[in-house]
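Undergrad: One file: final-v8.txt (compact mmCIF, C-alpha atoms and all ligand atoms).
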```
# COMPACT_ATOMS: atom_id res chain seq x y z
CA MET A 1 -8.37 17.37 1.58
CA ILE A 2 -9.16 14.62 -0.91
CA THR A 3 -7.92 16.80 -3.79
CA GLU A 4 -4.62 17.36 -1.98
CA THR A 5 -4.15 13.67 -1.19
CA VAL A 6 -4.91 12.76 -4.82
CA ALA A 7 -2.45 15.41 -6.08
CA ALA A 8 0.30 14.00 -3.85
CA ILE A 9 -0.38 10.46 -5.10
CA ARG A 10 -0.44 11.56 -8.75
CA ALA A 11 2.86 13.35 -8.30
CA ALA A 12 4.38 10.08 -7.10
CA VAL A 13 2.74 7.41 -9.29
CA ALA A 14 1.54 7.47 -12.87
CA GLU A 15 -0.87 4.60 -12.20
CA ARG A 16 -4.61 5.32 -12.61
CA PRO A 17 -6.27 2.50 -10.65
CA GLU A 18 -9.53 0.99 -11.92
CA VAL A 19 -9.94 -1.16 -8.82
CA GLY A 20 -9.29 -0.53 -5.12
CA ILE A 21 -8.68 -3.52 -2.86
CA ILE A 22 -8.79 -3.48 0.96
CA LEU A 23 -7.25 -6.53 2.60
CA GLY A 24 -8.48 -7.86 5.92
CA THR A 25 -6.76 -9.23 9.02
CA GLY A 26 -4.38 -12.05 8.13
CA LEU A 27 -5.39 -11.81 4.46
CA GLY A 28 -2.58 -9.68 3.07
CA GLY A 29 -1.15 -12.17 0.57
CA LEU A 30 -2.57 -10.42 -2.47
CA GLY A 31 -0.15 -7.53 -1.98
CA ALA A 32 2.72 -9.78 -3.08
CA ARG A 33 0.89 -10.64 -6.34
CA ILE A 34 0.88 -7.06 -7.62
CA GLU A 35 3.09 -6.58 -10.67
CA LYS A 36 5.39 -3.55 -10.86
CA PRO A 37 4.38 -2.47 -7.34
CA HIS A 38 4.82 1.11 -6.24
CA ALA A 39 4.20 1.54 -2.51
CA LEU A 40 3.29 4.80 -0.80
CA PRO A 41 3.41 4.62 3.02
CA TYR A 42 0.38 6.24 4.64
CA GLU A 43 2.54 8.67 6.61
CA THR A 44 3.83 10.20 3.35
CA LEU A 45 0.30 11.10 2.20
CA PRO A 46 -1.24 14.41 3.27
CA HIS A 47 -4.47 14.09 5.30
CA PHE A 48 -4.23 10.29 5.41
CA PRO A 49 -5.06 8.91 8.85
CA HIS A 50 -1.83 7.93 10.50
CA SER A 51 -1.38 4.90 12.59
CA THR A 52 -1.45 5.36 16.34
CA VAL A 53 -0.41 1.75 16.86
CA GLU A 54 3.34 1.20 16.83
CA SER A 55 4.52 -1.57 14.47
CA HIS A 56 1.51 -0.89 12.24
CA LYS A 57 2.67 -1.04 8.65
CA GLY A 58 0.33 0.80 6.36
CA GLN A 59 0.76 1.59 2.71
CA LEU A 60 -1.03 1.96 -0.59
CA VAL A 61 0.42 -0.35 -3.24
CA PHE A 62 -0.19 0.65 -6.85
CA GLY A 63 0.44 -1.73 -9.73
CA HIS A 64 -1.11 -4.29 -12.03
CA LEU A 65 -3.06 -7.48 -11.46
CA HIS A 66 -3.94 -9.53 -14.55
CA GLY A 67 -3.65 -6.49 -16.77
CA LYS A 68 -5.84 -4.28 -14.61
CA SER A 69 -4.55 -1.24 -12.80
CA VAL A 70 -5.17 -1.64 -9.06
CA VAL A 71 -4.42 -0.01 -5.73
CA VAL A 72 -4.20 -2.22 -2.66
CA MET A 73 -4.57 -0.93 0.88
CA GLU A 74 -2.14 -2.87 3.02
CA GLY A 75 -3.35 -2.12 6.52
CA ARG A 76 -6.80 -0.73 7.13
CA PHE A 77 -8.23 1.44 9.87
CA HIS A 78 -10.83 0.22 12.35
CA CYS A 79 -13.17 2.27 14.52
CA TYR A 80 -12.13 0.21 17.57
CA GLU A 81 -8.62 1.66 17.23
CA GLY A 82 -10.09 5.06 18.01
CA TYR A 83 -10.35 6.39 14.45
CA SER A 84 -13.57 8.20 13.62
CA ALA A 85 -15.78 6.57 11.00
CA GLN A 86 -14.83 9.46 8.68
CA GLN A 87 -11.13 8.65 9.11
CA VAL A 88 -11.77 4.95 8.53
CA VAL A 89 -13.37 5.66 5.14
CA TYR A 90 -11.00 8.41 4.02
CA PRO A 91 -8.95 5.99 1.86
CA VAL A 92 -12.16 4.82 0.13
CA ARG A 93 -12.91 8.39 -0.89
CA VAL A 94 -9.36 8.83 -2.14
CA ILE A 95 -9.59 5.58 -4.15
CA LYS A 96 -12.78 6.86 -5.77
CA ALA A 97 -11.23 10.28 -6.47
CA LEU A 98 -8.27 8.54 -8.13
CA GLY A 99 -10.74 7.25 -10.70
CA ALA A 100 -11.47 3.70 -9.50
CA GLY A 101 -14.91 2.30 -10.29
CA THR A 102 -14.83 -0.84 -8.15
CA LEU A 103 -13.91 -1.58 -4.52
CA ILE A 104 -13.07 -5.09 -3.34
CA ILE A 105 -12.89 -5.80 0.39
CA SER A 106 -11.87 -8.83 2.42
CA ASN A 107 -12.27 -9.39 6.15
CA ALA A 108 -12.03 -11.98 8.88
CA ALA A 109 -15.39 -12.73 10.48
CA GLY A 110 -17.07 -14.99 12.99
CA GLY A 111 -19.60 -17.42 11.49
CA MET A 112 -23.05 -17.81 13.05
CA ASN A 113 -24.75 -19.80 10.31
CA ALA A 114 -24.68 -23.46 11.44
CA GLU A 115 -23.77 -24.55 7.90
CA TYR A 116 -20.49 -22.63 7.99
CA ARG A 117 -17.11 -24.13 8.89
CA ALA A 118 -13.93 -22.35 9.98
CA GLY A 119 -11.93 -21.50 6.86
CA ASP A 120 -15.00 -21.12 4.61
CA LEU A 121 -15.43 -18.02 2.47
CA MET A 122 -18.66 -15.99 2.35
CA ALA A 123 -19.54 -13.44 -0.33
CA VAL A 124 -21.21 -10.58 1.50
CA ALA A 125 -24.68 -10.19 -0.01
CA ASP A 126 -25.91 -7.59 2.48
CA HIS A 127 -24.98 -6.05 5.82
CA ILE A 128 -26.41 -4.80 9.09
CA ASN A 129 -24.74 -1.74 10.61
CA LEU A 130 -24.53 -2.25 14.37
CA MET A 131 -21.37 -0.19 14.83
CA GLY A 132 -23.18 2.74 16.38
CA VAL A 133 -21.40 5.06 13.97
CA ASN A 134 -21.85 6.05 10.35
CA PRO A 135 -19.23 7.77 8.17
CA LEU A 136 -21.91 9.92 6.51
CA VAL A 137 -22.92 11.71 9.72
CA GLY A 138 -22.34 15.46 9.48
CA ALA A 139 -22.61 17.96 6.66
CA ASN A 140 -22.95 16.19 3.31
CA ASP A 141 -20.64 17.10 0.45
CA GLU A 142 -22.72 16.69 -2.70
CA ARG A 143 -19.52 16.45 -4.76
CA ILE A 144 -18.90 13.08 -3.09
CA GLY A 145 -22.45 11.72 -2.95
CA PRO A 146 -26.08 12.31 -2.00
CA ARG A 147 -27.39 13.16 1.48
CA PHE A 148 -29.57 10.04 1.68
CA PRO A 149 -27.86 7.32 -0.37
CA ASP A 150 -29.88 4.27 -1.32
CA MET A 151 -28.77 1.01 0.37
CA SER A 152 -31.14 -1.44 -1.30
CA ALA A 153 -28.26 -3.26 -3.05
CA PRO A 154 -24.82 -2.23 -1.72
CA TYR A 155 -23.10 -5.39 -3.01
CA ASP A 156 -22.96 -5.88 -6.77
CA GLU A 157 -24.99 -8.93 -7.75
CA ARG A 158 -22.99 -9.58 -10.91
CA LEU A 159 -19.68 -9.66 -9.03
CA ILE A 160 -21.19 -12.07 -6.46
CA ALA A 161 -22.38 -14.33 -9.29
CA LEU A 162 -18.95 -14.14 -10.93
CA ALA A 163 -17.29 -15.09 -7.62
CA GLU A 164 -19.69 -18.04 -7.27
CA THR A 165 -18.77 -19.26 -10.75
CA ILE A 166 -15.06 -18.99 -9.92
CA ALA A 167 -15.49 -20.84 -6.60
CA ARG A 168 -17.34 -23.65 -8.40
CA GLU A 169 -14.55 -23.92 -11.00
CA LYS A 170 -11.87 -23.93 -8.33
CA ASN A 171 -13.81 -26.40 -6.22
CA PHE A 172 -14.27 -24.52 -3.01
CA LYS A 173 -17.33 -23.47 -1.06
CA LEU A 174 -18.45 -19.85 -1.29
CA HIS A 175 -21.41 -19.01 0.92
CA ARG A 176 -23.58 -15.99 0.33
CA GLY A 177 -24.56 -14.25 3.52
CA VAL A 178 -25.32 -11.22 5.64
CA TYR A 179 -22.46 -9.53 7.53
CA ALA A 180 -23.16 -7.73 10.79
CA GLY A 181 -20.68 -4.95 11.51
CA VAL A 182 -19.97 -4.34 15.21
CA LEU A 183 -17.65 -1.85 16.89
CA GLY A 184 -15.54 -4.31 18.88
CA PRO A 185 -12.85 -4.71 20.03
CA ASN A 186 -14.14 -7.51 22.27
CA LEU A 187 -15.67 -10.55 20.65
CA GLU A 188 -19.36 -11.12 21.31
CA THR A 189 -21.16 -12.68 24.26
CA ARG A 190 -23.29 -15.77 23.69
CA ALA A 191 -26.40 -13.62 24.05
CA GLU A 192 -25.07 -11.25 21.40
CA TYR A 193 -24.37 -14.09 18.95
CA ARG A 194 -27.89 -15.43 19.56
CA PHE A 195 -29.26 -11.93 18.92
CA LEU A 196 -27.16 -11.46 15.76
CA ARG A 197 -28.27 -14.80 14.35
CA GLY A 198 -31.87 -13.93 15.22
CA ILE A 199 -31.80 -10.67 13.30
CA GLY A 200 -30.54 -12.41 10.17
CA ALA A 201 -26.75 -12.15 10.25
CA ASP A 202 -24.63 -15.06 9.01
CA ALA A 203 -21.28 -13.56 10.02
CA VAL A 204 -20.00 -10.81 12.30
CA GLY A 205 -16.92 -8.63 12.21
CA MET A 206 -15.48 -5.26 13.11
CA SER A 207 -14.82 -3.70 9.72
CA THR A 208 -16.15 -3.36 6.16
CA VAL A 209 -19.53 -1.73 6.88
CA PRO A 210 -18.20 1.87 7.12
CA GLU A 211 -16.11 1.42 3.96
CA VAL A 212 -19.06 -0.04 2.05
CA ILE A 213 -21.38 2.78 3.16
CA ALA A 214 -18.82 5.37 1.96
CA ALA A 215 -18.24 3.44 -1.26
CA VAL A 216 -21.95 3.24 -2.10
CA HIS A 217 -22.34 6.92 -1.20
CA ALA A 218 -19.56 7.75 -3.67
CA GLY A 219 -20.97 5.50 -6.41
CA LEU A 220 -18.40 2.69 -6.28
CA ARG A 221 -19.34 -0.85 -7.24
CA VAL A 222 -18.59 -3.14 -4.28
CA PHE A 223 -17.59 -6.77 -3.82
CA ALA A 224 -16.79 -8.03 -0.31
CA VAL A 225 -15.78 -11.45 0.94
CA SER A 226 -15.47 -12.72 4.51
CA CYS A 227 -13.13 -15.43 5.66
CA ILE A 228 -14.95 -17.31 8.44
CA THR A 229 -12.22 -17.61 11.07
CA ASP A 230 -14.21 -18.86 14.05
CA LEU A 231 -17.61 -20.38 14.68
CA CYS A 232 -19.98 -18.51 16.94
CA ILE A 233 -22.72 -20.95 17.85
CA PRO A 234 -23.93 -19.87 21.33
CA GLU A 235 -24.62 -23.42 22.62
CA THR A 236 -21.13 -24.72 21.83
CA LEU A 237 -19.11 -21.50 22.00
CA LYS A 238 -15.48 -21.94 22.94
CA PRO A 239 -13.15 -19.07 23.82
CA ALA A 240 -11.78 -17.57 20.59
CA SER A 241 -8.15 -16.59 20.47
CA LEU A 242 -6.59 -14.10 18.10
CA GLU A 243 -3.91 -16.71 17.46
CA GLU A 244 -6.48 -19.25 16.25
CA ILE A 245 -8.29 -16.60 14.15
CA LEU A 246 -4.99 -15.67 12.43
CA LYS A 247 -4.12 -19.34 11.90
CA VAL A 248 -7.44 -20.04 10.15
CA ALA A 249 -7.13 -16.84 8.09
CA ALA A 250 -3.62 -17.85 7.00
CA ALA A 251 -4.82 -21.32 5.95
CA ALA A 252 -7.73 -19.90 3.93
CA GLU A 253 -5.70 -17.05 2.49
CA PRO A 254 -4.52 -18.74 -0.77
CA LYS A 255 -8.16 -19.55 -1.65
CA LEU A 256 -9.21 -15.98 -0.94
CA THR A 257 -6.32 -14.51 -2.92
CA ALA A 258 -7.13 -16.76 -5.90
CA LEU A 259 -10.79 -15.74 -5.73
CA ILE A 260 -10.09 -12.00 -5.65
CA GLU A 261 -7.44 -12.25 -8.35
CA THR A 262 -9.78 -14.11 -10.67
CA VAL A 263 -12.65 -11.72 -9.98
CA VAL A 264 -10.34 -8.83 -10.93
CA GLU A 265 -9.16 -10.69 -14.03
CA ARG A 266 -12.65 -11.46 -15.34
CA MET A 267 -14.71 -8.48 -14.27
CA ASN A 268 -15.54 -5.78 -16.74
N1 LIG L 301 -16.70 -11.36 16.17
C1 LIG L 301 -16.30 -10.19 15.69
N2 LIG L 301 -15.30 -10.07 14.86
C2 LIG L 301 -14.65 -11.17 14.47
C3 LIG L 301 -15.01 -12.41 14.94
C4 LIG L 301 -16.09 -12.51 15.84
O1 LIG L 301 -16.45 -13.60 16.30
N3 LIG L 301 -14.17 -13.31 14.37
C5 LIG L 301 -13.33 -12.63 13.58
N4 LIG L 301 -13.62 -11.32 13.64
```
Can the structure in the file be given as structure tokens, please?
TA:
Amino acid sequence: MITETVAAIRAAVAERPEVGIILGTGLGGLGARIEKPHALPYETLPHFPHSTVESHKGQLVFGHLHGKSVVVMEGRFHCYEGYSAQQVVYPVRVIKALGAGTLIISNAAGGMNAEYRAGDLMAVADHINLMGVNPLVGANDERIGPRFPDMSAPYDERLIALAETIAREKNFKLHRGVYAGVLGPNLETRAEYRFLRGIGADAVGMSTVPEVIAAVHAGLRVFAVSCITDLCIPETLKPASLEEILKVAAAAEPKLTALIETVVERMN
């Protein structure tokens, strides 16, 4: 299946991406920064998961960013939409098969670390998989990766350090924290936030973990950054609204786009 998807993409675009970028909820601004964009809607690609949600715009955008060849996923798949974990990570495997060496991911997340403020960015240093699913369940294909992939360092330390340098230069805060991946789609109860904080998570969200597991399995270098869209302190928890989450994500989006762009520009 991957070979057929890759063949269809190669027949349509000459681009050989070095970097894959997955953009999170409300964080799509980077798509507009791609030079000489060539978009392939998901529904034109064989074996690509197709959207079951009407009005869901999904496409791969190939092009250049600061001289590097990139492919951006505009619209990602979540397990809470009903996609299997294998479907959610299918694009990651295609990105790897296209020849990319690095995967960059952004997401919107709730912040549980008391030092965090809404609108802050957090470089993901590690994760906890609480989604109840894993994209590697089932027969393992050794051509993609090993049966028991190591997870001692899923997030590339050098890319985190580079991002920290860039944040310092650009004068914004970049936390370094642990992301807990949950299935959703409901937000958490106070007891769940207390539990998540207790087990060492700084932020919580409904994406990223499956993609990172598949990326590490396939040998991709990973950098992920969370936009803290709401604060999840059990004692002072207020009802979170999707509207507010999207508003905070939109306000933080230029900072996030600048960070990812500069990481792409300077990484080697
Ligand atoms: N929980 C889970 N996912 C989220 C949250 C949250 O509080 N905020 C944004 N995405």
Undergrad: Rank A:Met206, A:Ile104, A:Ala180, A:Ala123 by their smallest atom-to-atom distance to Cys79 in chain A, using only C-alpha atoms, and report the top residue only.
TA: A:Met206
Undergrad: Please compute the CA of Arg194 in chain A-CA of Pro210 in chain A distance, one decimal, in Å.
TA: 23.4 Å
Undergrad: Within 12 Å of (-22.6, -18.5, 23.1) (file coordinates; all atoms listed in the file), which protein or nucleic acid residues are there? I'd like them as a PyMOL selection string.
TA: chain A and resi 112+187-197+231-240
Undergrad: Of the residues A:Ala12, A:Ala167, A:Val19, A:Leu159, which is the one nearest to Leu45 in chain A, using only C-alpha atoms?
TA: A:Ala12
Undergrad: Could you give me, as number ranges by chain, every polymer residue with an atom at most 6 Å away from an atom of ligand LIG 301 (chain L), counting all atoms listed in the file?
TA: A: 108-110, 187-188, 204-206, 229-230
Undergrad: Could you list, as a PyMOL selection string, every residue within 10 Å of Thr262 in chain A, counting all atoms listed in the file and ignoring same-chain residues fewer than 2 positions away?
TA: chain A and resi 65-66+162-163+166-167+256-260+264-267
Undergrad: Interatomic distance between CA of Ser69 in chain A and CA of Pro41 in chain A?
TA: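 So the answer is 18.7 Å.
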Undergrad: What does the structure give for the distance between CA of Val216 in chain A and CA of Gly29 in chain A, in Å to one decimal?
TA: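 Interatomic distance, CA of Val216 in chain A to CA of Gly29 in chain A: 26.0 Å.
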Undergrad: Of the residues A:Pro185, A:Pro49, A:Gly177, A:Gly101, which is the one nearest to Val124 in chain A, using all atoms listed in the file?
TA: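 Looking only at the distances to Val124 in chain A, the closest residue turns out to be A:Gly177.
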Undergrad: For Cys227 in chain A, list every protein, DNA or RNA residue within 8 Å, evaluated using only C-alpha atoms, and leave out those in the same chain fewer than 4 positions away; present the list as an mmCIF file with C-alpha atoms, keeping the file's coordinate frame.
TA:
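Printed below is part-v8.cif as written:
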```
data_model
loop_
_atom_site.group_PDB
_atom_site.id
_atom_site.type_symbol
_atom_site.label_atom_id
_atom_site.label_comp_id
_atom_site.auth_asym_id
_atom_site.auth_seq_id
_atom_site.Cartn_x
_atom_site.Cartn_y
_atom_site.Cartn_z
ATOM 1 C CA SER A 106 -11.870 -8.830 2.420
ATOM 2 C CA ASN A 107 -12.270 -9.390 6.150
ATOM 3 C CA ALA A 108 -12.030 -11.980 8.880
ATOM 4 C CA ALA A 109 -15.390 -12.730 10.480
ATOM 5 C CA GLY A 119 -11.930 -21.500 6.860
ATOM 6 C CA ASP A 120 -15.000 -21.120 4.610
ATOM 7 C CA LEU A 121 -15.430 -18.020 2.470
ATOM 8 C CA MET A 122 -18.660 -15.990 2.350
ATOM 9 C CA ALA A 249 -7.130 -16.840 8.090
ATOM 10 C CA ALA A 252 -7.730 -19.900 3.930
ATOM 11 C CA LEU A 256 -9.210 -15.980 -0.940
#
```
Undergrad: How would you write as a list in words the residues that get within 12 Å of (-15.6, 8.6, 12.1) in the file's frame, counting all atoms listed in the file?
TA: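 Nearby residues: Pro49, Phe77, His78, Cys79, Tyr80, Glu81, Gly82, Tyr83, Ser84, Ala85, Gln86, Gln87, Val88, Val89, Tyr90, Met131, Gly132, Val133, Asn134, Pro135, Leu136, Val137, Gly138, Leu183, Pro210, Glu211 and Ala214 of chain A.
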Undergrad: Could you write out the selected residues, including C-alpha atoms, as a PDB file, in the frame of the given file?
TA:
```
ATOM      1  CA  PRO A  49      -5.060   8.910   8.850  1.00  0.00           C
ATOM      2  CA  PHE A  77      -8.230   1.440   9.870  1.00  0.00           C
ATOM      3  CA  HIS A  78     -10.830   0.220  12.350  1.00  0.00           C
ATOM      4  CA  CYS A  79     -13.170   2.270  14.520  1.00  0.00           C
ATOM      5  CA  TYR A  80     -12.130   0.210  17.570  1.00  0.00           C
ATOM      6  CA  GLU A  81      -8.620   1.660  17.230  1.00  0.00           C
ATOM      7  CA  GLY A  82     -10.090   5.060  18.010  1.00  0.00           C
ATOM      8  CA  TYR A  83     -10.350   6.390  14.450  1.00  0.00           C
ATOM      9  CA  SER A  84     -13.570   8.200  13.620  1.00  0.00           C
ATOM     10  CA  ALA A  85     -15.780   6.570  11.000  1.00  0.00           C
ATOM     11  CA  GLN A  86     -14.830   9.460   8.680  1.00  0.00           C
ATOM     12  CA  GLN A  87     -11.130   8.650   9.110  1.00  0.00           C
ATOM     13  CA  VAL A  88     -11.770   4.950   8.530  1.00  0.00           C
ATOM     14  CA  VAL A  89     -13.370   5.660   5.140  1.00  0.00           C
ATOM     15  CA  TYR A  90     -11.000   8.410   4.020  1.00  0.00           C
ATOM     16  CA  MET A 131     -21.370  -0.190  14.830  1.00  0.00           C
ATOM     17  CA  GLY A 132     -23.180   2.740  16.380  1.00  0.00           C
ATOM     18  CA  VAL A 133     -21.400   5.060  13.970  1.00  0.00           C
ATOM     19  CA  ASN A 134     -21.850   6.050  10.350  1.00  0.00           C
ATOM     20  CA  PRO A 135     -19.230   7.770   8.170  1.00  0.00           C
ATOM     21  CA  LEU A 136     -21.910   9.920   6.510  1.00  0.00           C
ATOM     22  CA  VAL A 137     -22.920  11.710   9.720  1.00  0.00           C
ATOM     23  CA  GLY A 138     -22.340  15.460   9.480  1.00  0.00           C
ATOM     24  CA  LEU A 183     -17.650  -1.850  16.890  1.00  0.00           C
ATOM     25  CA  PRO A 210     -18.200   1.870   7.120  1.00  0.00           C
ATOM     26  CA  GLU A 211     -16.110   1.420   3.960  1.00  0.00           C
ATOM     27  CA  ALA A 214     -18.820   5.370   1.960  1.00  0.00           C
TER      28      ALA A 214
END
```
Undergrad: Could you rebuild range 144-163 of chain A with N, CA and C atoms and give it back as a PDB file, in the coordinates of the input?
TA:
```pdb
ATOM      1  N   ILE A 144     -19.270  14.474  -3.352  1.00  0.00           N
ATOM      2  CA  ILE A 144     -18.900  13.080  -3.090  1.00  0.00           C
ATOM      3  C   ILE A 144     -20.100  12.160  -3.324  1.00  0.00           C
ATOM      4  N   GLY A 145     -21.263  12.557  -2.800  1.00  0.00           N
ATOM      5  CA  GLY A 145     -22.450  11.720  -2.950  1.00  0.00           C
ATOM      6  C   GLY A 145     -23.669  12.381  -2.343  1.00  0.00           C
ATOM      7  N   PRO A 146     -24.821  11.715  -2.449  1.00  0.00           N
ATOM      8  CA  PRO A 146     -26.080  12.310  -2.000  1.00  0.00           C
ATOM      9  C   PRO A 146     -26.268  12.250  -0.473  1.00  0.00           C
ATOM     10  N   ARG A 147     -27.098  13.116   0.037  1.00  0.00           N
ATOM     11  CA  ARG A 147     -27.390  13.160   1.480  1.00  0.00           C
ATOM     12  C   ARG A 147     -27.968  11.834   1.992  1.00  0.00           C
ATOM     13  N   PHE A 148     -28.897  11.264   1.240  1.00  0.00           N
ATOM     14  CA  PHE A 148     -29.570  10.040   1.680  1.00  0.00           C
ATOM     15  C   PHE A 148     -29.335   8.912   0.673  1.00  0.00           C
ATOM     16  N   PRO A 149     -28.135   8.334   0.654  1.00  0.00           N
ATOM     17  CA  PRO A 149     -27.860   7.320  -0.370  1.00  0.00           C
ATOM     18  C   PRO A 149     -28.712   6.069  -0.195  1.00  0.00           C
ATOM     19  N   ASP A 150     -29.102   5.507  -1.322  1.00  0.00           N
ATOM     20  CA  ASP A 150     -29.880   4.270  -1.320  1.00  0.00           C
ATOM     21  C   ASP A 150     -28.989   3.119  -0.850  1.00  0.00           C
ATOM     22  N   MET A 151     -29.536   2.186  -0.087  1.00  0.00           N
ATOM     23  CA  MET A 151     -28.770   1.010   0.370  1.00  0.00           C
ATOM     24  C   MET A 151     -29.524  -0.278   0.051  1.00  0.00           C
ATOM     25  N   SER A 152     -30.339  -0.251  -1.001  1.00  0.00           N
ATOM     26  CA  SER A 152     -31.140  -1.440  -1.300  1.00  0.00           C
ATOM     27  C   SER A 152     -30.286  -2.556  -1.892  1.00  0.00           C
ATOM     28  N   ALA A 153     -29.136  -2.220  -2.462  1.00  0.00           N
ATOM     29  CA  ALA A 153     -28.260  -3.260  -3.050  1.00  0.00           C
ATOM     30  C   ALA A 153     -26.813  -2.788  -3.021  1.00  0.00           C
ATOM     31  N   PRO A 154     -26.193  -2.753  -1.813  1.00  0.00           N
ATOM     32  CA  PRO A 154     -24.820  -2.230  -1.720  1.00  0.00           C
ATOM     33  C   PRO A 154     -23.796  -3.123  -2.404  1.00  0.00           C
ATOM     34  N   TYR A 155     -24.077  -4.424  -2.493  1.00  0.00           N
ATOM     35  CA  TYR A 155     -23.100  -5.390  -3.010  1.00  0.00           C
ATOM     36  C   TYR A 155     -23.516  -5.809  -4.409  1.00  0.00           C
ATOM     37  N   ASP A 156     -22.629  -5.655  -5.370  1.00  0.00           N
ATOM     38  CA  ASP A 156     -22.960  -5.880  -6.770  1.00  0.00           C
ATOM     39  C   ASP A 156     -23.285  -7.344  -7.052  1.00  0.00           C
ATOM     40  N   GLU A 157     -24.508  -7.569  -7.516  1.00  0.00           N
ATOM     41  CA  GLU A 157     -24.990  -8.930  -7.750  1.00  0.00           C
ATOM     42  C   GLU A 157     -24.162  -9.647  -8.818  1.00  0.00           C
ATOM     43  N   ARG A 158     -23.754  -8.930  -9.837  1.00  0.00           N
ATOM     44  CA  ARG A 158     -22.990  -9.580 -10.910  1.00  0.00           C
ATOM     45  C   ARG A 158     -21.613 -10.029 -10.425  1.00  0.00           C
ATOM     46  N   LEU A 159     -20.988  -9.248  -9.563  1.00  0.00           N
ATOM     47  CA  LEU A 159     -19.680  -9.660  -9.030  1.00  0.00           C
ATOM     48  C   LEU A 159     -19.841 -10.857  -8.087  1.00  0.00           C
ATOM     49  N   ILE A 160     -20.941 -10.898  -7.327  1.00  0.00           N
ATOM     50  CA  ILE A 160     -21.190 -12.070  -6.460  1.00  0.00           C
ATOM     51  C   ILE A 160     -21.361 -13.312  -7.331  1.00  0.00           C
ATOM     52  N   ALA A 161     -22.147 -13.187  -8.395  1.00  0.00           N
ATOM     53  CA  ALA A 161     -22.380 -14.330  -9.290  1.00  0.00           C
ATOM     54  C   ALA A 161     -21.080 -14.770  -9.952  1.00  0.00           C
ATOM     55  N   LEU A 162     -20.254 -13.810 -10.345  1.00  0.00           N
ATOM     56  CA  LEU A 162     -18.950 -14.140 -10.930  1.00  0.00           C
ATOM     57  C   LEU A 162     -18.095 -14.906  -9.914  1.00  0.00           C
ATOM     58  N   ALA A 163     -18.078 -14.430  -8.674  1.00  0.00           N
ATOM     59  CA  ALA A 163     -17.290 -15.090  -7.620  1.00  0.00           C
ATOM     60  C   ALA A 163     -17.806 -16.515  -7.397  1.00  0.00           C
TER      61      ALA A 163
END
```
